[in-house]
Structures are given as structure tokens and as C-alpha cells.
$ cat target_18.cif   # mmCIF, C-alpha atoms
data_data
loop_
_atom_site.group_PDB
_atom_site.id
_atom_site.type_symbol
_atom_site.label_atom_id
_atom_site.label_comp_id
_atom_site.auth_asym_id
_atom_site.auth_seq_id
_atom_site.Cartn_x
_atom_site.Cartn_y
_atom_site.Cartn_z
ATOM 1 C CA GLN A 1 0.000 0.000 0.000
ATOM 2 C CA VAL A 2 1.147 3.507 -0.835
ATOM 3 C CA GLN A 3 0.772 6.436 1.535
ATOM 4 C CA LEU A 4 0.720 9.965 0.150
ATOM 5 C CA VAL A 5 1.271 13.152 2.123
ATOM 6 C CA GLU A 6 0.507 16.474 0.460
ATOM 7 C CA SER A 7 1.540 19.959 1.464
ATOM 8 C CA GLY A 8 1.699 23.471 0.104
ATOM 9 C CA GLY A 9 -1.901 24.565 -0.241
ATOM 10 C CA GLY A 10 -3.245 27.843 1.094
ATOM 11 C CA LEU A 11 -4.773 31.197 0.308
ATOM 12 C CA VAL A 12 -3.239 33.297 -2.454
ATOM 13 C CA GLN A 13 -4.268 36.381 -4.365
ATOM 14 C CA PRO A 14 -5.086 36.227 -8.074
ATOM 15 C CA GLY A 15 -1.861 36.248 -10.071
ATOM 16 C CA GLY A 16 0.076 34.646 -7.256
ATOM 17 C CA SER A 17 1.913 31.341 -7.043
ATOM 18 C CA LEU A 18 1.865 28.205 -4.934
ATOM 19 C CA ARG A 19 3.873 24.990 -4.997
ATOM 20 C CA LEU A 20 2.233 21.743 -3.984
ATOM 21 C CA SER A 21 4.287 18.763 -2.849
ATOM 22 C CA CYS A 22 3.379 15.115 -2.474
ATOM 23 C CA ALA A 23 5.626 12.519 -0.868
ATOM 24 C CA ALA A 24 4.961 8.820 -1.389
ATOM 25 C CA SER A 25 5.952 6.051 1.003
ATOM 26 C CA GLY A 26 5.158 2.388 1.522
ATOM 27 C CA SER A 27 4.909 -0.223 -1.238
ATOM 28 C CA ILE A 28 5.813 2.079 -4.099
ATOM 29 C CA PHE A 29 7.250 -0.483 -6.460
ATOM 30 C CA GLY A 30 6.636 0.168 -10.118
ATOM 31 C CA ILE A 31 5.250 3.699 -10.246
ATOM 32 C CA THR A 32 3.795 4.304 -13.697
ATOM 33 C CA SER A 33 2.434 7.811 -13.233
ATOM 34 C CA MET A 34 2.156 10.546 -10.635
ATOM 35 C CA ASN A 35 -0.717 12.970 -11.026
ATOM 36 C CA TRP A 36 -2.524 15.950 -9.590
ATOM 37 C CA TYR A 37 -6.303 16.187 -9.619
ATOM 38 C CA ARG A 38 -8.582 18.873 -8.262
ATOM 39 C CA GLN A 39 -12.183 19.127 -7.207
ATOM 40 C CA ALA A 40 -14.053 22.373 -6.838
ATOM 41 C CA PRO A 41 -17.327 22.609 -4.882
ATOM 42 C CA GLY A 42 -20.190 21.133 -6.867
ATOM 43 C CA LYS A 43 -17.915 19.874 -9.639
ATOM 44 C CA GLN A 44 -16.393 16.551 -10.595
ATOM 45 C CA ARG A 45 -12.797 15.739 -9.817
ATOM 46 C CA GLU A 46 -10.624 16.541 -12.825
ATOM 47 C CA LEU A 47 -7.091 15.732 -13.891
ATOM 48 C CA VAL A 48 -4.877 18.796 -13.704
ATOM 49 C CA ALA A 49 -1.455 17.393 -14.592
ATOM 50 C CA ALA A 50 0.262 14.050 -15.001
ATOM 51 C CA ILE A 51 3.838 12.875 -15.298
ATOM 52 C CA SER A 52 4.813 9.399 -16.424
ATOM 53 C CA SER A 53 7.707 7.249 -15.313
ATOM 54 C CA SER A 54 9.598 8.413 -18.393
ATOM 55 C CA GLY A 55 8.995 12.060 -17.519
ATOM 56 C CA SER A 56 6.452 12.901 -20.174
ATOM 57 C CA THR A 57 3.818 15.350 -18.989
ATOM 58 C CA ASN A 58 0.202 16.128 -19.717
ATOM 59 C CA TYR A 59 -1.886 19.107 -18.627
ATOM 60 C CA ALA A 60 -5.488 20.169 -18.601
ATOM 61 C CA ASP A 61 -6.076 22.905 -21.154
ATOM 62 C CA SER A 62 -7.141 25.290 -18.406
ATOM 63 C CA VAL A 63 -3.705 25.202 -16.742
ATOM 64 C CA LYS A 64 -1.336 24.891 -19.706
ATOM 65 C CA GLY A 65 1.381 27.510 -19.575
ATOM 66 C CA ARG A 66 0.670 28.295 -15.916
ATOM 67 C CA PHE A 67 1.232 25.015 -14.038
ATOM 68 C CA THR A 68 4.265 22.752 -14.131
ATOM 69 C CA ILE A 69 4.403 19.207 -12.812
ATOM 70 C CA SER A 70 7.717 17.627 -11.850
ATOM 71 C CA ARG A 71 8.930 14.618 -9.925
ATOM 72 C CA ASP A 72 11.918 13.541 -7.884
ATOM 73 C CA ASN A 73 12.329 9.801 -8.337
ATOM 74 C CA ALA A 74 14.927 9.541 -5.581
ATOM 75 C CA LYS A 75 12.457 10.995 -3.082
ATOM 76 C CA ASN A 76 9.336 9.423 -4.609
ATOM 77 C CA ALA A 77 7.857 12.888 -4.704
ATOM 78 C CA VAL A 78 5.797 14.885 -7.152
ATOM 79 C CA TYR A 79 5.351 18.636 -7.275
ATOM 80 C CA LEU A 80 2.954 21.091 -8.869
ATOM 81 C CA GLN A 81 4.187 24.623 -9.425
ATOM 82 C CA MET A 82 1.190 26.863 -9.957
ATOM 83 C CA ASN A 83 1.724 30.361 -11.334
ATOM 84 C CA SER A 84 -0.646 33.105 -12.447
ATOM 85 C CA LEU A 85 -3.356 31.621 -10.279
ATOM 86 C CA LYS A 86 -6.961 32.506 -11.002
ATOM 87 C CA PRO A 87 -10.062 32.362 -8.791
ATOM 88 C CA GLU A 88 -11.293 29.442 -10.891
ATOM 89 C CA ASP A 89 -8.278 27.440 -9.735
ATOM 90 C CA THR A 90 -9.827 27.324 -6.272
ATOM 91 C CA ALA A 91 -10.317 23.669 -5.334
ATOM 92 C CA VAL A 92 -9.079 20.809 -3.228
ATOM 93 C CA TYR A 93 -6.020 19.382 -4.944
ATOM 94 C CA TYR A 94 -5.295 15.670 -4.692
ATOM 95 C CA CYS A 95 -2.119 13.773 -5.370
ATOM 96 C CA HIS A 96 -2.604 10.439 -7.135
ATOM 97 C CA VAL A 97 -0.029 7.735 -7.734
ATOM 98 C CA ARG A 98 -0.519 4.769 -10.011
ATOM 99 C CA THR A 99 1.728 1.737 -9.751
ATOM 100 C CA VAL A 100 1.626 -1.587 -11.541
ATOM 101 C CA LEU A 101 -0.549 -2.874 -8.695
ATOM 102 C CA THR A 102 -2.248 0.058 -6.981
ATOM 103 C CA ASN A 103 -3.972 3.419 -7.252
ATOM 104 C CA SER A 104 -3.466 5.696 -4.263
ATOM 105 C CA TRP A 105 -4.838 9.100 -3.304
ATOM 106 C CA GLY A 106 -3.652 11.750 -0.926
ATOM 107 C CA GLN A 107 -5.926 13.413 1.598
ATOM 108 C CA GLY A 108 -6.180 16.615 -0.433
ATOM 109 C CA THR A 109 -4.950 20.136 0.144
ATOM 110 C CA GLN A 110 -7.086 23.254 -0.202
ATOM 111 C CA VAL A 111 -6.045 25.961 -2.649
ATOM 112 C CA THR A 112 -8.025 29.190 -2.491
ATOM 113 C CA VAL A 113 -7.409 32.030 -4.920
ATOM 114 C CA SER A 114 -9.097 35.186 -3.749
ATOM 115 C CA SER A 115 -8.427 38.849 -3.180
#

$ encode --input "target_18.cif" --output "C-alpha cells"
Amino acid sequence: QVQLVESGGGLVQPGGSLRLSCAASGSIFGITSMNWYRQAPGKQRELVAAISSSGSTNYADSVKGRFTISRDNAKNAVYLQMNSLKPEDTAVYYCHVRTVLTNSWGQGTQVTVSS
């Protein structure tokens, strides 16, 4: 089983930046992808960014050019750098890790973009 611990959420003004971190521990053999999802009130959870074991990345159209996903394989960690934040980015952000055997979710971290 994989445990995920997220950090880095908070309140930021429009145009500001935040960096989310997610550290994985436990049975983390064979990670295939590390991802960030988000869920805003009253909306479905959506994929924000993904990074594969080879390092290829994928982004939701709404965050392209503003968010950057990266990973540190030595630390089994994934990061989401969020720049030029907008009020519509307000949501709970979840780390997700897929291995050859498991799918694991973090507890979520709140990101609020407001003046």
C-alpha cells in the first residue's frame, strides 16, 4: 500500500503562485504515473497534470502555460508549481499515484485564490 502526504496549499491572491508537494511512502514499487487532480465545490474531480515514469507530462487545457508538474524519483515525490493563479483554480487538490498494482490518493490540500 502507498501512503501519500501532500503539502503546500493555502490562500493566495489572483496572479500569485503556490507549490504543492506530495511525498509517497510504503509499497511504491513500479510507479507508472504521478498525477494531480482537483475538485471544486459542486464539480467533478478533474485531472490537472500528469507525469509518467519516463517524464512525459500532460496538462489540462485550463492550466497549460501556468502550471508545471515535476517529480523527484529519488524521493518518490511529485510537485505542482502553480503560477498566475486565477479564482477558478480554487479547489481541493489531490495527489494520485498509479503503480503496476495500486492506485493511491492523498488526503487533499485546499487551494483558495481570492483577493

$ atom_distance --input "target_18.cif" --atom1 "CA of Ser114 in chain A" --atom2 "CA of Ser17 in chain A"
12.1 Å

$ residues_around --input "target_18.cif" --residues "range 21-26 of chain A" --least-positions-apart "2" --cutoff "9 Å" --atoms "all atoms listed in the file" --output "short mmCIF file (atom, residue, chain, number, x, y, z; two decimals) with C-alpha atoms, keeping the file's coordinate frame"
data_model
loop_
_atom_site.label_atom_id
_atom_site.label_comp_id
_atom_site.auth_asym_id
_atom_site.auth_seq_id
_atom_site.Cartn_x
_atom_site.Cartn_y
_atom_site.Cartn_z
CA GLN A 1 0.00 0.00 0.00
CA VAL A 2 1.15 3.51 -0.84
CA GLN A 3 0.77 6.44 1.54
CA LEU A 4 0.72 9.96 0.15
CA VAL A 5 1.27 13.15 2.12
CA GLU A 6 0.51 16.47 0.46
CA SER A 7 1.54 19.96 1.46
CA GLY A 8 1.70 23.47 0.10
CA GLY A 9 -1.90 24.56 -0.24
CA ARG A 19 3.87 24.99 -5.00
CA ILE A 28 5.81 2.08 -4.10
CA PHE A 29 7.25 -0.48 -6.46
CA LYS A 75 12.46 11.00 -3.08
CA ASN A 76 9.34 9.42 -4.61
CA ALA A 77 7.86 12.89 -4.70
CA VAL A 78 5.80 14.88 -7.15
CA TYR A 79 5.35 18.64 -7.28
CA LEU A 80 2.95 21.09 -8.87
CA GLN A 81 4.19 24.62 -9.43
CA TYR A 94 -5.30 15.67 -4.69
CA CYS A 95 -2.12 13.77 -5.37
CA HIS A 96 -2.60 10.44 -7.14
CA VAL A 97 -0.03 7.74 -7.73
CA GLY A 106 -3.65 11.75 -0.93
#

$ residues_around --input "target_18.cif" --residues "range 65-70 of chain A" --least-positions-apart "4" --cutoff "12 Å" --atoms "all atoms listed in the file" --output "PyMOL selection string"
chain A and resi 15-22+33-37+48-61+75-86+89+95

$ atom_distance --input "target_18.cif" --atom1 "CA of Ala91 in chain A" --atom2 "CA of Leu11 in chain A"
10.9 Å

$ closest_residue --input "target_18.cif" --among "A:Val113, A:Lys64, A:Arg98, A:Val92" --to "Gly42 in chain A" --atoms "all atoms listed in the file"
A:Val92

$ closest_residue --input "target_18.cif" --among "A:Gly30, A:Gln13, A:Lys43, A:Thr99" --to "Thr112 in chain A" --atoms "only C-alpha atoms"
A:Gln13

$ closest_residue --input "target_18.cif" --among "A:Thr102, A:Val12, A:Pro87, A:Ala74" --to "Thr32 in chain A" --atoms "all atoms listed in the file"
A:Thr102

$ atom_distance --input "target_18.cif" --atom1 "CA of Val111 in chain A" --atom2 "CA of Ala40 in chain A"
9.7 Å

$ closest_residue --input "target_18.cif" --among "A:Leu47, A:Ile31, A:Thr90, A:Ser115" --to "Asn103 in chain A" --atoms "only C-alpha atoms"
A:Ile31

$ closest_residue --input "target_18.cif" --among "A:Val63, A:Trp105, A:Ser27, A:Tyr93" --to "Gln39 in chain A" --atoms "only C-alpha atoms"
A:Tyr93

$ axis_aligned_box --input "target_18.cif" --around "range 6-21 of chain A" --padding-each-side "5 Å" --output "lines of an AutoDock Vina configuration file"
center_x = -0.4
center_y = 26.4
center_z = -4.3
size_x = 19.4
size_y = 29.9
size_z = 21.5

$ build_atoms --input "target_18.cif" --residues "range 31-43 of chain A" --atoms "N, CA, C and O atoms" --output "compact mmCIF listing (two decimals), in the frame of the given file"
# COMPACT_ATOMS: atom_id res chain seq x y z
N ILE A 31 6.09 2.53 -9.97
CA ILE A 31 5.25 3.70 -10.25
C ILE A 31 5.18 3.91 -11.75
O ILE A 31 6.19 3.96 -12.44
N THR A 32 3.97 4.04 -12.27
CA THR A 32 3.80 4.30 -13.70
C THR A 32 3.46 5.77 -13.96
O THR A 32 3.84 6.31 -15.00
N SER A 33 2.72 6.39 -13.06
CA SER A 33 2.43 7.81 -13.23
C SER A 33 2.16 8.45 -11.88
O SER A 33 1.71 7.78 -10.95
N MET A 34 2.46 9.75 -11.81
CA MET A 34 2.16 10.55 -10.64
C MET A 34 1.36 11.74 -11.14
O MET A 34 1.76 12.40 -12.11
N ASN A 35 0.25 12.05 -10.47
CA ASN A 35 -0.72 12.97 -11.03
C ASN A 35 -1.26 13.92 -9.96
O ASN A 35 -1.24 13.61 -8.77
N TRP A 36 -1.78 15.03 -10.44
CA TRP A 36 -2.52 15.95 -9.59
C TRP A 36 -3.93 16.11 -10.16
O TRP A 36 -4.09 16.37 -11.36
N TYR A 37 -4.90 15.94 -9.30
CA TYR A 37 -6.30 16.19 -9.62
C TYR A 37 -6.80 17.34 -8.75
O TYR A 37 -6.17 17.69 -7.76
N ARG A 38 -7.94 17.88 -9.11
CA ARG A 38 -8.58 18.87 -8.26
C ARG A 38 -10.09 18.72 -8.33
O ARG A 38 -10.63 18.21 -9.31
N GLN A 39 -10.73 19.17 -7.27
CA GLN A 39 -12.18 19.13 -7.21
C GLN A 39 -12.68 20.41 -6.57
O GLN A 39 -12.40 20.68 -5.39
N ALA A 40 -13.43 21.15 -7.34
CA ALA A 40 -14.05 22.37 -6.84
C ALA A 40 -15.45 22.04 -6.31
O ALA A 40 -16.04 21.04 -6.71
N PRO A 41 -15.99 22.88 -5.44
CA PRO A 41 -17.33 22.61 -4.88
C PRO A 41 -18.37 22.44 -5.98
O PRO A 41 -18.45 23.27 -6.90
N GLY A 42 -19.13 21.37 -5.92
CA GLY A 42 -20.19 21.13 -6.87
C GLY A 42 -19.73 20.63 -8.22
O GLY A 42 -20.55 20.49 -9.13
N LYS A 43 -18.44 20.34 -8.36
CA LYS A 43 -17.92 19.87 -9.64
C LYS A 43 -17.25 18.51 -9.48
O LYS A 43 -16.90 18.09 -8.39
